[in-house]
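Shown here: structure_8.txt, compact mmCIF, C-alpha atoms.
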```txt
# COMPACT_ATOMS: atom_id res chain seq x y z
CA MET P 1 107.18 78.20 55.26
CA ILE P 2 106.79 76.93 51.70
CA ARG P 3 103.96 78.58 49.85
CA GLU P 4 102.39 76.95 46.84
CA GLY P 5 99.58 77.86 44.47
CA LYS P 6 98.44 81.11 42.95
CA GLU P 7 96.81 82.29 46.15
CA GLY P 8 99.85 81.60 48.31
CA MET P 9 98.20 78.78 50.21
CA GLU P 10 100.53 76.81 52.48
CA GLU P 11 100.55 73.08 51.84
CA LYS P 12 99.81 71.02 54.93
CA LEU P 13 100.15 67.30 55.47
CA PHE P 14 98.64 65.16 58.24
CA VAL P 15 101.24 62.95 59.93
CA ARG P 16 100.23 60.09 62.23
CA ARG P 17 101.70 60.01 65.74
CA ASP P 18 104.16 57.17 65.04
CA ASP P 19 105.54 58.97 61.97
CA ILE P 20 106.26 62.31 63.64
CA GLN P 21 109.96 63.24 63.37
CA ILE P 22 112.38 65.90 64.57
CA GLY P 23 112.56 68.84 62.16
CA MET P 24 108.93 68.75 61.01
CA GLN P 25 107.26 72.17 60.97
CA LEU P 26 103.89 72.35 62.73
CA GLY P 27 101.01 73.38 60.51
CA GLU P 28 98.67 73.81 63.48
CA SER P 29 99.38 74.53 67.15
CA VAL P 30 99.45 71.63 69.60
CA LYS P 31 97.10 72.44 72.46
CA ASP P 32 96.54 71.05 75.94
CA ILE P 33 93.17 70.02 77.37
CA ARG P 34 92.46 73.65 78.33
CA GLY P 35 92.95 74.81 74.78
CA ARG P 36 96.28 76.52 75.47
CA ALA P 37 98.82 76.33 72.65
CA MET P 38 101.76 74.39 74.10
CA ILE P 39 103.69 74.27 70.81
CA GLU P 40 102.95 77.07 68.38
CA ASN P 41 102.03 76.77 64.71
CA GLY P 42 105.18 77.11 62.59
CA VAL P 43 107.63 75.71 65.16
CA TYR P 44 110.22 73.19 63.94
CA LEU P 45 109.94 70.20 66.23
CA ASP P 46 112.88 69.13 68.36
CA ALA P 47 113.24 65.82 70.21
CA TYR P 48 111.66 67.19 73.38
CA GLN P 49 108.55 68.34 71.52
CA VAL P 50 108.21 65.11 69.53
CA ARG P 51 108.31 63.21 72.79
CA TYR P 52 105.71 65.54 74.31
CA ILE P 53 103.30 65.01 71.39
CA LYS P 54 103.66 61.23 71.49
CA GLU P 55 103.22 61.08 75.27
CA LYS P 56 99.94 63.02 74.90
CA LYS P 57 98.75 60.23 72.56
CA LEU P 58 97.50 62.62 69.92
CA PRO P 59 96.37 60.80 66.76
CA GLY P 60 98.71 62.97 64.73
CA ILE P 61 99.58 66.52 63.71
CA TYR P 62 99.42 68.76 60.68
CA ILE P 63 102.78 69.89 59.32
CA TYR P 64 104.02 72.15 56.58
CA ARG P 65 106.18 70.52 53.98
CA VAL P 66 109.69 70.12 55.42
CA ARG P 67 112.00 72.91 54.37
CA ASP P 68 115.29 71.13 53.81
CA ASP P 69 117.63 69.98 51.06
CA LYS P 70 115.53 66.88 50.35
CA ASP P 71 112.33 68.87 49.92
CA ILE P 72 113.76 71.83 48.02
CA LYS P 73 115.73 70.91 44.92
CA ILE P 74 118.98 72.77 45.32
CA PRO P 75 121.10 72.97 42.16
CA GLU P 76 124.58 71.50 42.45
CA LYS P 77 126.11 74.88 41.62
CA THR P 78 124.29 76.40 44.61
CA LYS P 79 125.51 73.60 46.88
CA GLN P 80 129.08 74.38 45.83
CA ILE P 81 128.58 78.08 46.62
CA ILE P 82 127.14 77.15 50.02
CA ARG P 83 130.21 75.04 50.80
CA GLN P 84 132.54 77.84 49.73
CA HIS P 85 130.93 80.42 52.02
CA ARG P 86 129.95 78.23 54.97
CA LYS P 87 131.60 79.14 58.30
CA PRO P 88 130.56 77.08 61.35
CA ASP P 89 128.97 78.83 64.30
CA ARG P 90 130.75 79.42 67.58
CA ALA P 91 130.40 76.67 70.18
CA LYS P 92 126.83 76.71 71.47
CA ILE P 93 125.24 75.43 74.66
CA GLN P 94 124.20 71.82 74.20
CA LEU P 95 121.62 70.43 76.58
CA SER P 96 120.26 66.97 75.81
CA VAL P 97 116.49 66.54 75.74
CA GLU P 98 116.63 64.17 78.70
CA MET P 99 118.85 66.47 80.75
CA LYS P 100 116.64 69.50 80.18
CA LYS P 101 113.55 67.50 81.13
CA GLN P 102 115.24 66.25 84.31
CA LEU P 103 116.39 69.74 85.24
CA GLU P 104 112.89 71.12 84.81
CA GLU P 105 111.38 68.31 86.87
CA ARG P 106 113.89 68.86 89.66
CA MET P 107 113.26 72.61 89.59
CA ASN P 108 109.57 71.79 89.97
CA HIS P 109 110.42 69.78 93.08
CA ILE P 110 112.46 72.48 94.80
CA PHE P 111 109.82 75.12 94.04
CA ASP P 112 107.31 72.87 95.79
CA HIS P 113 109.62 72.33 98.77
CA THR P 114 111.19 75.73 99.50
CA GLU P 115 111.01 75.01 103.24
CA ASP P 116 112.89 71.72 102.88
CA LYS P 117 116.15 71.58 104.86
CA ASP P 118 117.85 70.20 101.73
CA PHE P 119 116.66 73.06 99.51
CA ALA P 120 120.09 74.69 99.16
CA THR P 121 121.89 71.39 98.52
CA ASN P 122 119.34 70.31 95.93
CA SER P 123 119.43 73.69 94.20
CA LEU P 124 123.22 73.69 93.95
CA ASP P 125 123.21 70.10 92.69
CA ILE P 126 120.81 71.06 89.91
CA PHE P 127 122.92 74.05 88.98
CA GLY P 128 126.07 71.92 89.01
CA GLU P 129 124.58 69.67 86.33
CA LEU P 130 123.50 72.64 84.24
CA GLU P 131 126.88 74.34 84.58
CA SER P 132 128.75 71.18 83.54
CA ALA P 133 126.55 70.78 80.47
CA ILE P 134 126.93 74.41 79.47
CA PHE P 135 130.72 74.41 79.60
CA LYS P 136 131.26 70.83 78.45
CA ASN P 137 132.04 72.03 74.93
CA ASP P 138 133.38 75.44 76.03
CA ALA P 139 130.14 77.11 74.89
CA VAL P 140 130.27 80.83 74.18
CA ALA P 141 126.80 81.29 72.64
CA ILE P 142 123.21 80.16 72.94
CA ASP P 143 120.96 79.10 70.06
CA VAL P 144 117.63 80.86 70.54
CA ASN P 145 115.87 77.95 68.82
CA LEU P 146 116.70 75.79 71.85
CA ILE P 147 114.42 77.95 73.99
CA LYS P 148 111.22 75.98 73.61
CA ILE P 149 107.74 75.89 75.04
CA SER P 150 107.13 73.63 78.01
CA ASP P 151 104.13 72.63 80.14
CA GLU P 152 105.81 74.17 83.20
CA TYR P 153 106.82 77.69 82.24
CA THR P 154 108.39 78.69 85.56
CA PHE P 155 110.82 75.78 85.68
CA LYS P 156 111.73 75.93 81.99
CA HIS P 157 112.17 79.69 82.33
CA SER P 158 114.51 79.25 85.31
CA VAL P 159 116.83 76.96 83.33
CA ASP P 160 116.76 79.27 80.29
CA VAL P 161 117.51 82.43 82.29
CA ALA P 162 120.43 80.74 84.03
CA ALA P 163 121.90 79.64 80.69
CA ILE P 164 121.36 82.99 78.95
CA SER P 165 122.72 84.92 81.94
CA MET P 166 125.91 82.86 81.97
CA MET P 167 126.48 83.42 78.25
CA ILE P 168 125.93 87.17 78.71
CA GLY P 169 128.32 87.17 81.68
CA ARG P 170 130.92 85.26 79.74
CA GLU P 171 130.72 87.70 76.83
CA TYR P 172 130.88 90.59 79.31
CA GLY P 173 134.15 89.18 80.65
CA LEU P 174 133.22 87.84 84.08
CA PRO P 175 135.68 85.37 85.64
CA LYS P 176 134.62 81.76 86.15
CA GLU P 177 133.72 82.09 89.85
CA GLU P 178 131.44 85.05 89.16
CA LEU P 179 129.82 83.16 86.28
CA HIS P 180 129.16 80.36 88.75
CA GLN P 181 127.46 82.74 91.19
CA LEU P 182 125.55 84.46 88.36
CA GLY P 183 124.21 81.14 87.09
CA ILE P 184 122.88 80.20 90.53
CA ALA P 185 121.15 83.57 90.82
CA GLY P 186 119.64 83.11 87.35
CA LEU P 187 118.39 79.63 88.17
CA LEU P 188 116.72 80.79 91.39
CA HIS P 189 115.64 84.28 90.35
CA ASP P 190 111.94 83.34 90.32
CA VAL P 191 111.88 80.98 93.31
CA GLY P 192 109.69 83.49 95.13
CA LYS P 193 106.85 82.60 92.75
CA ALA P 194 106.42 79.50 94.90
CA ARG P 195 104.58 81.80 97.32
CA ILE P 196 102.32 83.36 94.67
CA PRO P 197 98.81 81.81 94.32
CA ASN P 198 98.51 79.78 91.10
CA GLU P 199 95.27 81.53 90.15
CA ILE P 200 97.24 84.77 89.89
CA LEU P 201 100.46 83.30 88.53
CA ASN P 202 98.67 81.49 85.67
CA LYS P 203 95.81 83.91 85.09
CA PRO P 204 95.09 83.98 81.31
CA GLY P 205 93.63 87.49 81.35
CA LYS P 206 94.95 90.88 82.36
CA LEU P 207 95.96 91.21 86.01
CA THR P 208 94.24 93.73 88.23
CA ASP P 209 96.40 96.32 89.97
CA ASP P 210 96.16 94.36 93.22
CA GLU P 211 97.10 91.09 91.48
CA PHE P 212 100.08 92.75 89.82
CA ARG P 213 101.29 94.00 93.19
CA VAL P 214 101.09 90.41 94.47
CA ILE P 215 103.16 89.22 91.50
CA GLN P 216 105.73 91.92 92.21
CA ASP P 217 106.26 90.47 95.65
CA HIS P 218 107.91 87.37 94.17
CA SER P 219 111.37 88.98 94.04
CA LEU P 220 111.19 89.84 97.75
CA PHE P 221 109.83 86.38 98.57
CA GLY P 222 112.71 84.81 96.63
CA TYR P 223 115.23 86.89 98.53
CA GLU P 224 113.68 85.84 101.85
CA ILE P 225 113.61 82.15 100.91
CA LEU P 226 117.29 82.14 99.97
CA LYS P 227 118.44 84.32 102.86
CA GLU P 228 116.85 81.93 105.36
CA LYS P 229 119.05 79.10 104.05
CA ASN P 230 122.34 80.85 104.94
CA SER P 231 123.91 79.13 101.93
CA PHE P 232 123.83 81.81 99.25
CA SER P 233 126.22 84.75 98.81
CA PRO P 234 125.08 88.40 99.05
CA ILE P 235 125.53 88.90 95.30
CA ILE P 236 123.19 85.98 94.58
CA LEU P 237 120.64 87.36 97.03
CA ASP P 238 120.88 90.80 95.43
CA GLY P 239 120.46 89.37 91.92
CA VAL P 240 117.28 87.60 92.98
CA LEU P 241 115.90 90.60 94.87
CA HIS P 242 116.56 93.24 92.21
CA HIS P 243 116.22 91.50 88.83
CA HIS P 244 113.14 93.65 88.09
CA GLU P 245 114.79 96.99 88.82
CA LYS P 246 115.01 99.40 85.86
CA MET P 247 117.78 101.74 84.80
CA ASN P 248 115.24 104.61 84.75
CA GLY P 249 114.31 103.99 88.39
CA MET P 250 110.84 102.65 87.56
CA GLY P 251 111.44 99.04 88.63
CA TYR P 252 110.64 97.11 91.79
CA PRO P 253 110.81 96.33 94.70
CA ASP P 254 113.04 99.30 95.65
CA ASN P 255 112.86 101.70 92.68
CA LEU P 256 116.66 101.74 92.52
CA GLY P 257 118.53 104.19 90.35
CA SER P 258 120.89 102.91 87.67
CA SER P 259 124.01 103.33 89.82
CA GLN P 260 122.43 101.25 92.59
CA ILE P 261 121.55 98.19 90.49
CA SER P 262 124.10 95.37 90.75
CA LEU P 263 125.73 93.82 87.70
CA PHE P 264 124.04 90.47 88.39
CA SER P 265 120.62 92.13 88.52
CA ARG P 266 121.29 93.94 85.23
CA ILE P 267 122.32 90.74 83.48
CA ILE P 268 119.46 88.61 84.81
CA SER P 269 117.00 91.35 83.86
CA VAL P 270 117.99 91.17 80.19
CA ALA P 271 117.90 87.36 80.15
CA ASP P 272 114.54 87.36 81.95
CA VAL P 273 112.91 89.83 79.56
CA PHE P 274 114.12 88.06 76.41
CA ASP P 275 113.10 84.57 77.50
CA ALA P 276 109.67 85.83 78.61
CA LEU P 277 109.12 87.42 75.19
CA VAL P 278 109.89 84.28 73.17
CA THR P 279 107.88 81.94 75.41
CA LYS P 280 104.18 81.15 75.38
CA ARG P 281 102.30 82.15 78.52
CA PRO P 282 98.63 81.84 79.51
CA TYR P 283 98.13 85.56 78.90
CA LYS P 284 100.19 86.00 75.69
CA GLY P 285 101.64 84.28 72.69
CA PRO P 286 105.36 84.05 71.92
CA ILE P 287 107.16 86.27 69.44
CA THR P 288 110.11 85.40 67.22
CA GLY P 289 113.70 85.71 68.38
CA ARG P 290 114.26 88.57 65.95
CA GLU P 291 111.21 90.47 67.22
CA ALA P 292 112.22 89.85 70.84
CA MET P 293 115.74 91.12 70.19
CA GLU P 294 114.35 94.27 68.60
CA MET P 295 112.14 94.83 71.66
CA VAL P 296 115.11 94.36 74.00
CA LEU P 297 117.09 96.88 71.95
CA ALA P 298 114.18 99.32 72.26
CA MET P 299 114.32 99.05 76.08
CA GLY P 300 117.56 100.98 76.40
CA SER P 301 116.07 103.29 79.03
CA GLU P 302 115.12 100.33 81.24
CA LEU P 303 117.93 97.85 80.61
CA ASP P 304 121.71 98.33 80.75
CA ASN P 305 122.95 99.05 77.21
CA ALA P 306 126.35 97.45 77.82
CA ILE P 307 124.59 94.26 78.96
CA ILE P 308 122.28 94.40 75.95
CA GLN P 309 125.35 94.50 73.70
CA SER P 310 126.89 91.49 75.46
CA PHE P 311 123.56 89.70 75.09
CA ILE P 312 123.42 90.44 71.36
CA GLU P 313 126.93 89.07 70.91
CA SER P 314 126.15 85.85 72.78
CA VAL P 315 122.99 84.90 70.87
CA ILE P 316 122.60 82.97 67.62
CA LEU P 317 119.22 83.55 66.00
CA TYR P 318 119.76 81.63 62.77
CA PRO P 319 122.27 78.78 63.15
CA VAL P 320 124.44 78.02 60.12
CA ASP P 321 122.61 75.59 57.75
CA THR P 322 119.18 76.92 58.76
CA ILE P 323 116.87 77.47 55.79
CA VAL P 324 115.12 80.81 56.09
CA GLU P 325 112.65 82.93 54.17
CA LEU P 326 113.76 86.41 53.14
CA SER P 327 111.54 89.48 52.92
CA THR P 328 111.98 89.22 49.13
CA GLY P 329 110.06 85.93 49.19
CA GLN P 330 113.17 83.90 48.40
CA MET P 331 114.33 80.85 50.35
CA ALA P 332 117.96 80.86 51.47
CA LYS P 333 120.41 78.92 53.61
CA VAL P 334 122.41 80.60 56.37
CA VAL P 335 126.15 80.15 55.77
CA GLU P 336 127.70 82.59 58.26
CA ASN P 337 126.63 84.59 61.30
CA ASN P 338 127.89 88.00 62.37
CA LYS P 339 128.50 88.19 66.10
CA ARG P 340 127.53 91.85 66.42
CA TYR P 341 124.50 91.66 64.13
CA PRO P 342 122.73 88.33 64.71
CA THR P 343 119.60 89.40 62.80
CA ARG P 344 121.63 89.86 59.60
CA PRO P 345 123.51 86.68 58.63
CA LYS P 346 125.14 85.87 55.31
CA VAL P 347 122.84 83.63 53.25
CA VAL P 348 122.82 81.87 49.90
CA GLU P 349 119.60 81.93 47.86
CA LEU P 350 118.73 78.32 47.15
CA GLN P 351 117.76 78.43 43.49
CA THR P 352 120.10 81.05 42.03
CA GLY P 353 123.10 80.65 44.34
CA MET P 354 123.11 84.42 44.89
CA VAL P 355 125.03 85.37 48.06
CA TYR P 356 123.41 87.99 50.28
CA ASP P 357 125.58 89.43 53.03
CA LEU P 358 122.80 91.10 55.00
CA CYS P 359 125.28 92.71 57.37
CA HIS P 360 127.99 94.20 55.14
CA ASP P 361 126.45 94.58 51.68
CA MET P 362 124.67 97.94 51.48
CA GLU P 363 122.59 96.66 48.56
CA CYS P 364 120.98 94.21 51.01
CA ASN P 365 120.07 96.75 53.67
CA LYS P 366 116.34 96.43 52.93
CA ILE P 367 116.32 92.63 53.04
CA ILE P 368 115.53 90.90 56.33
CA VAL P 369 115.01 87.34 57.51
CA LEU P 370 111.34 86.75 58.26
```
For the structure just supplied, provide its representation as structure tokens.
Amino acid sequence: MIREGKEGMEEKLFVRRDDIQIGMQLGESVKDIRGRAMIENGVYLDAYQVRYIKEKKLPGIYIYRVRDDKDIKIPEKTKQIIRQHRKPDRAKIQLSVEMKKQLEERMNHIFDHTEDKDFATNSLDIFGELESAIFKNDAVAIDVNLIKISDEYTFKHSVDVAAISMMIGREYGLPKEELHQLGIAGLLHDVGKARIPNEILNKPGKLTDDEFRVIQDHSLFGYEILKEKNSFSPIILDGVLHHHEKMNGMGYPDNLGSSQISLFSRIISVADVFDALVTKRPYKGPITGREAMEMVLAMGSELDNAIIQSFIESVILYPVDTIVELSTGQMAKVVENNKRYPTRPKVVELQTGMVYDLCHDMECNKIIVL
């Protein structure tokens, strides 16, 4: 965010509904009628969120001054340095706003109709559309900034976990048919929540022990729902049943040891944890992609470390051309990402043109992207 004034106050502008545009940075959270923050303060608006705000007929929003080349006067010399060092990102998943909305709406429908005789067909149709979109441009990575807040967490989360799981699986080296099966398991991993009472599922406060045990039943419920259809393979069923098992044996529903947990369950577990961390829920706020990645890394006793590494190498936290704030207080543009160290890209400071390779330059080891 741009800070101005001696006291570091952030400049905010009020923008009327009709003038709201993609790329604006929220200066205040957008809340629903219950007071829940649906889009957090500081988020850069994408097309889906702009549409959401306009459909809610809000009079307008407060934004921070846009952090881009037009707003920040970048010297020509710096622009030349940026062009010299710029290396495009790997191909990323590209889901159109309309497609993602349709997928979420259709996931909503199948969650509401788990007993429908067409459940399996509808589920596989939805996944087929997602799979085609993911591999349309031969995607090998996912941009964390595409994981956005939605009114319907469960359905948005299902799509995100499927996409993240497939990128992890691809990085891990799974063949196409296994990626296909993994994606289906990721998409349906939480279908058992259809049998959990909404007052528990969406409770804003801390769950009681009894309520938490009810929540834990969702993985078993999901397994039962899918098994009854006789349309899903054993590895899909296992991925759904055991995606909350832990490598230290402290997971559920079966307290499996590390050697007993299937590869699909290990992959979905990492995707599930990360997406839950970066997403707003009734009982918690979201955290940044960098913070979530650090938390995932710290869960090495619970999650598979080889899967964590594949996850790290399939994620892009700061896409090339993103303008970021450094811990030094400087504003910089990302010009190159490092596959193994996504929290430490190469950047160019906007005013001086100084190049900071946060990954390889030891003199930059104390500098981080905020």
Ref. answer, residues at most 10 Å from (122.8, 86.0, 57.1) with all atoms listed in the file, as a compact mmCIF listing (two decimals) with C-alpha atoms, in the frame of the given file:
```txt
# COMPACT_ATOMS: atom_id res chain seq x y z
CA LEU P 317 119.22 83.55 66.00
CA TYR P 318 119.76 81.63 62.77
CA PRO P 319 122.27 78.78 63.15
CA VAL P 320 124.44 78.02 60.12
CA THR P 322 119.18 76.92 58.76
CA VAL P 324 115.12 80.81 56.09
CA LEU P 326 113.76 86.41 53.14
CA ALA P 332 117.96 80.86 51.47
CA LYS P 333 120.41 78.92 53.61
CA VAL P 334 122.41 80.60 56.37
CA VAL P 335 126.15 80.15 55.77
CA GLU P 336 127.70 82.59 58.26
CA ASN P 337 126.63 84.59 61.30
CA ASN P 338 127.89 88.00 62.37
CA TYR P 341 124.50 91.66 64.13
CA PRO P 342 122.73 88.33 64.71
CA THR P 343 119.60 89.40 62.80
CA ARG P 344 121.63 89.86 59.60
CA PRO P 345 123.51 86.68 58.63
CA LYS P 346 125.14 85.87 55.31
CA VAL P 347 122.84 83.63 53.25
CA VAL P 348 122.82 81.87 49.90
CA VAL P 355 125.03 85.37 48.06
CA TYR P 356 123.41 87.99 50.28
CA ASP P 357 125.58 89.43 53.03
CA LEU P 358 122.80 91.10 55.00
CA CYS P 359 125.28 92.71 57.37
CA HIS P 360 127.99 94.20 55.14
CA ILE P 368 115.53 90.90 56.33
CA VAL P 369 115.01 87.34 57.51
```
What is the atom CA of P:Leu256 to atom CA of P:Ile215 distance in Å?
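Taking atom CA of P:Leu256 as the start and atom CA of P:Ile215 as the end point, the length is 18.4 Å.
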What are the closest atom pairs, with distances in Å to one decimal, for all residues of stretch 110-185 of chain P lying within 12 Å of stretch 189-208 of chain P? Consider all atoms listed in the file, order rows by chain and residue number, and present the result as a tab-separated table.
```
residue	atom	partner	partner_atom	distance
P:Ile110	CA	P:Val191	CA	8.6
P:Phe111	CA	P:Ala194	CA	5.6
P:Asp112	CA	P:Ala194	CA	6.7
P:His113	CA	P:Ala194	CA	8.8
P:Thr114	CA	P:Ala194	CA	7.6
P:Glu115	CA	P:Ala194	CA	10.5
P:Phe119	CA	P:Val191	CA	11.1
P:Ala120	CA	P:Val191	CA	11.9
P:Ser123	CA	P:Val191	CA	10.5
P:Asp151	CA	P:Asn202	CA	11.8
P:Glu152	CA	P:Asn202	CA	10.5
P:Tyr153	CA	P:Asn202	CA	9.6
P:Thr154	CA	P:Asp190	CA	7.5
P:Phe155	CA	P:Asp190	CA	8.9
P:Lys156	CA	P:Asp190	CA	11.2
P:His157	CA	P:Asp190	CA	8.8
P:Ser158	CA	P:Asp190	CA	7.0
P:Val159	CA	P:His189	CA	10.2
P:Asp160	CA	P:His189	CA	11.3
P:Val161	CA	P:His189	CA	8.5
P:Ala162	CA	P:His189	CA	8.7
P:Ser165	CA	P:His189	CA	11.0
P:Gln181	CA	P:His189	CA	11.9
P:Leu182	CA	P:His189	CA	10.1
P:Gly183	CA	P:His189	CA	9.7
P:Ile184	CA	P:His189	CA	8.3
P:Ala185	CA	P:His189	CA	5.6
```
Residues within 12 Å of P:Gly249, all atoms listed in the file, excluding chain neighbours under 4 positions, as a PyMOL selection string:
chain P and resi 242+244-245+253-261+301-303
(119.7, 80.9, 102.5) in this file's frame - what residues fall within 12 Å of it? Use only C-alpha atoms and give the answer as number ranges by chain.
P: 114-121, 123-124, 188, 221-234, 236-237, 240
Identify which of the residues P:Glu349, P:Lys246, P:Asn145, P:Val278 lies closest to P:Met299, counting all atoms listed in the file when measuring atom-to-atom distances.
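When distances to P:Met299 are compared using all atoms listed in the file, the smallest one comes from P:Lys246.
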I'd like the contact shell of P:Thr78 - 10 Å cut-off, all atoms listed in the file, skipping same-chain residues fewer than 5 positions apart - returned as a compact mmCIF listing (two decimals) with C-alpha atoms, in the coordinates of the input.
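Printed below is selection.txt as written:
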```txt
# COMPACT_ATOMS: atom_id res chain seq x y z
CA ARG P 83 130.21 75.04 50.80
CA GLN P 84 132.54 77.84 49.73
CA VAL P 348 122.82 81.87 49.90
CA GLU P 349 119.60 81.93 47.86
CA LEU P 350 118.73 78.32 47.15
CA GLN P 351 117.76 78.43 43.49
CA THR P 352 120.10 81.05 42.03
CA GLY P 353 123.10 80.65 44.34
CA MET P 354 123.11 84.42 44.89
CA VAL P 355 125.03 85.37 48.06
```
Give me, please, the distance in Å between atom CA of P:Glu131 and atom CA of P:His180, quoted to one decimal.
7.7 Å
For P:Ala139: contacts at 7 Å, all atoms listed in the file, fewer than 6 positions along chain excluded, given as a ChimeraX atom specification:
/P:91-93
Measuring between all atoms listed in the file, which one of P:Met331, P:Ser219, P:Ile268, P:Ile287 shows the shortest distance to P:Ile74?
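Once distances to P:Ile74 are computed over all atoms listed in the file, the minimum belongs to P:Met331.
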Need to verify the contact set: stretch 308-315 of chain P, 9 Å, all atoms listed in the file, exclusion of same-chain residues closer than 4 positions in sequence. Can you return it as a PyMOL selection string?
chain P and resi 140-144+164-165+167-172+267+270-271+293+296-297+300+303-304+338-342
Once you have the residues from the selection above, write them out as a short mmCIF file (atom, residue, chain, number, x, y, z; two decimals), keeping the file's coordinate frame, restricted to C-alpha atoms.
```cif
data_model
loop_
_atom_site.label_atom_id
_atom_site.label_comp_id
_atom_site.auth_asym_id
_atom_site.auth_seq_id
_atom_site.Cartn_x
_atom_site.Cartn_y
_atom_site.Cartn_z
CA VAL P 140 130.27 80.83 74.18
CA ALA P 141 126.80 81.29 72.64
CA ILE P 142 123.21 80.16 72.94
CA ASP P 143 120.96 79.10 70.06
CA VAL P 144 117.63 80.86 70.54
CA ILE P 164 121.36 82.99 78.95
CA SER P 165 122.72 84.92 81.94
CA MET P 167 126.48 83.42 78.25
CA ILE P 168 125.93 87.17 78.71
CA GLY P 169 128.32 87.17 81.68
CA ARG P 170 130.92 85.26 79.74
CA GLU P 171 130.72 87.70 76.83
CA TYR P 172 130.88 90.59 79.31
CA ILE P 267 122.32 90.74 83.48
CA VAL P 270 117.99 91.17 80.19
CA ALA P 271 117.90 87.36 80.15
CA MET P 293 115.74 91.12 70.19
CA VAL P 296 115.11 94.36 74.00
CA LEU P 297 117.09 96.88 71.95
CA GLY P 300 117.56 100.98 76.40
CA LEU P 303 117.93 97.85 80.61
CA ASP P 304 121.71 98.33 80.75
CA ASN P 338 127.89 88.00 62.37
CA LYS P 339 128.50 88.19 66.10
CA ARG P 340 127.53 91.85 66.42
CA TYR P 341 124.50 91.66 64.13
CA PRO P 342 122.73 88.33 64.71
#
```
Closest of P:Thr279, P:Asp210, P:Gly60, P:Arg51 to P:Leu26 - atom-to-atom distances counting all atoms listed in the file
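Of P:Thr279, P:Asp210, P:Gly60, P:Arg51, the one nearest P:Leu26, counting all atoms listed in the file, is P:Gly60.
Atom CA of P:Gly186 is found 13.9 Å from atom CA of P:Leu103.
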Nearest to P:Gly173 among P:Glu28, P:Tyr252, P:Ala306, P:Tyr62, with distances taken over only C-alpha atoms: which residue is it?
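Using only C-alpha atoms, the shortest distance to P:Gly173 belongs to P:Ala306.
Considering the residues P:Asp217, P:Leu370, P:Gln330, P:Met250 and counting all atoms listed in the file, P:Glu291 has its shortest atom-to-atom contact with P:Leu370.
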Complete the atoms of stretch 180-189 of chain P to N, CA, C and O atoms and put them out as a PDB file, in the frame of the given file.
```pdb
ATOM      1  N   HIS P 180     129.766  81.391  87.913  1.00  0.00           N
ATOM      2  CA  HIS P 180     129.160  80.360  88.750  1.00  0.00           C
ATOM      3  C   HIS P 180     128.079  80.971  89.638  1.00  0.00           C
ATOM      4  O   HIS P 180     126.940  80.472  89.702  1.00  0.00           O
ATOM      5  N   GLN P 181     128.407  82.069  90.308  1.00  0.00           N
ATOM      6  CA  GLN P 181     127.460  82.740  91.190  1.00  0.00           C
ATOM      7  C   GLN P 181     126.284  83.322  90.381  1.00  0.00           C
ATOM      8  O   GLN P 181     125.129  83.246  90.810  1.00  0.00           O
ATOM      9  N   LEU P 182     126.584  83.887  89.221  1.00  0.00           N
ATOM     10  CA  LEU P 182     125.550  84.460  88.360  1.00  0.00           C
ATOM     11  C   LEU P 182     124.562  83.390  87.907  1.00  0.00           C
ATOM     12  O   LEU P 182     123.337  83.615  87.896  1.00  0.00           O
ATOM     13  N   GLY P 183     125.076  82.222  87.539  1.00  0.00           N
ATOM     14  CA  GLY P 183     124.210  81.140  87.090  1.00  0.00           C
ATOM     15  C   GLY P 183     123.252  80.677  88.177  1.00  0.00           C
ATOM     16  O   GLY P 183     122.076  80.395  87.912  1.00  0.00           O
ATOM     17  N   ILE P 184     123.741  80.597  89.405  1.00  0.00           N
ATOM     18  CA  ILE P 184     122.880  80.200  90.530  1.00  0.00           C
ATOM     19  C   ILE P 184     121.771  81.233  90.722  1.00  0.00           C
ATOM     20  O   ILE P 184     120.598  80.888  90.900  1.00  0.00           O
ATOM     21  N   ALA P 185     122.144  82.511  90.672  1.00  0.00           N
ATOM     22  CA  ALA P 185     121.150  83.570  90.820  1.00  0.00           C
ATOM     23  C   ALA P 185     120.116  83.502  89.702  1.00  0.00           C
ATOM     24  O   ALA P 185     118.906  83.680  89.937  1.00  0.00           O
ATOM     25  N   GLY P 186     120.566  83.232  88.474  1.00  0.00           N
ATOM     26  CA  GLY P 186     119.640  83.110  87.350  1.00  0.00           C
ATOM     27  C   GLY P 186     118.690  81.938  87.519  1.00  0.00           C
ATOM     28  O   GLY P 186     117.491  82.045  87.237  1.00  0.00           O
ATOM     29  N   LEU P 187     119.217  80.823  87.990  1.00  0.00           N
ATOM     30  CA  LEU P 187     118.390  79.630  88.170  1.00  0.00           C
ATOM     31  C   LEU P 187     117.312  79.837  89.229  1.00  0.00           C
ATOM     32  O   LEU P 187     116.194  79.330  89.110  1.00  0.00           O
ATOM     33  N   LEU P 188     117.636  80.613  90.257  1.00  0.00           N
ATOM     34  CA  LEU P 188     116.720  80.790  91.390  1.00  0.00           C
ATOM     35  C   LEU P 188     116.034  82.151  91.403  1.00  0.00           C
ATOM     36  O   LEU P 188     115.370  82.493  92.381  1.00  0.00           O
ATOM     37  N   HIS P 189     116.155  82.912  90.325  1.00  0.00           N
ATOM     38  CA  HIS P 189     115.640  84.280  90.350  1.00  0.00           C
ATOM     39  C   HIS P 189     114.131  84.358  90.578  1.00  0.00           C
ATOM     40  O   HIS P 189     113.636  85.335  91.124  1.00  0.00           O
TER      41      HIS P 189
END
```
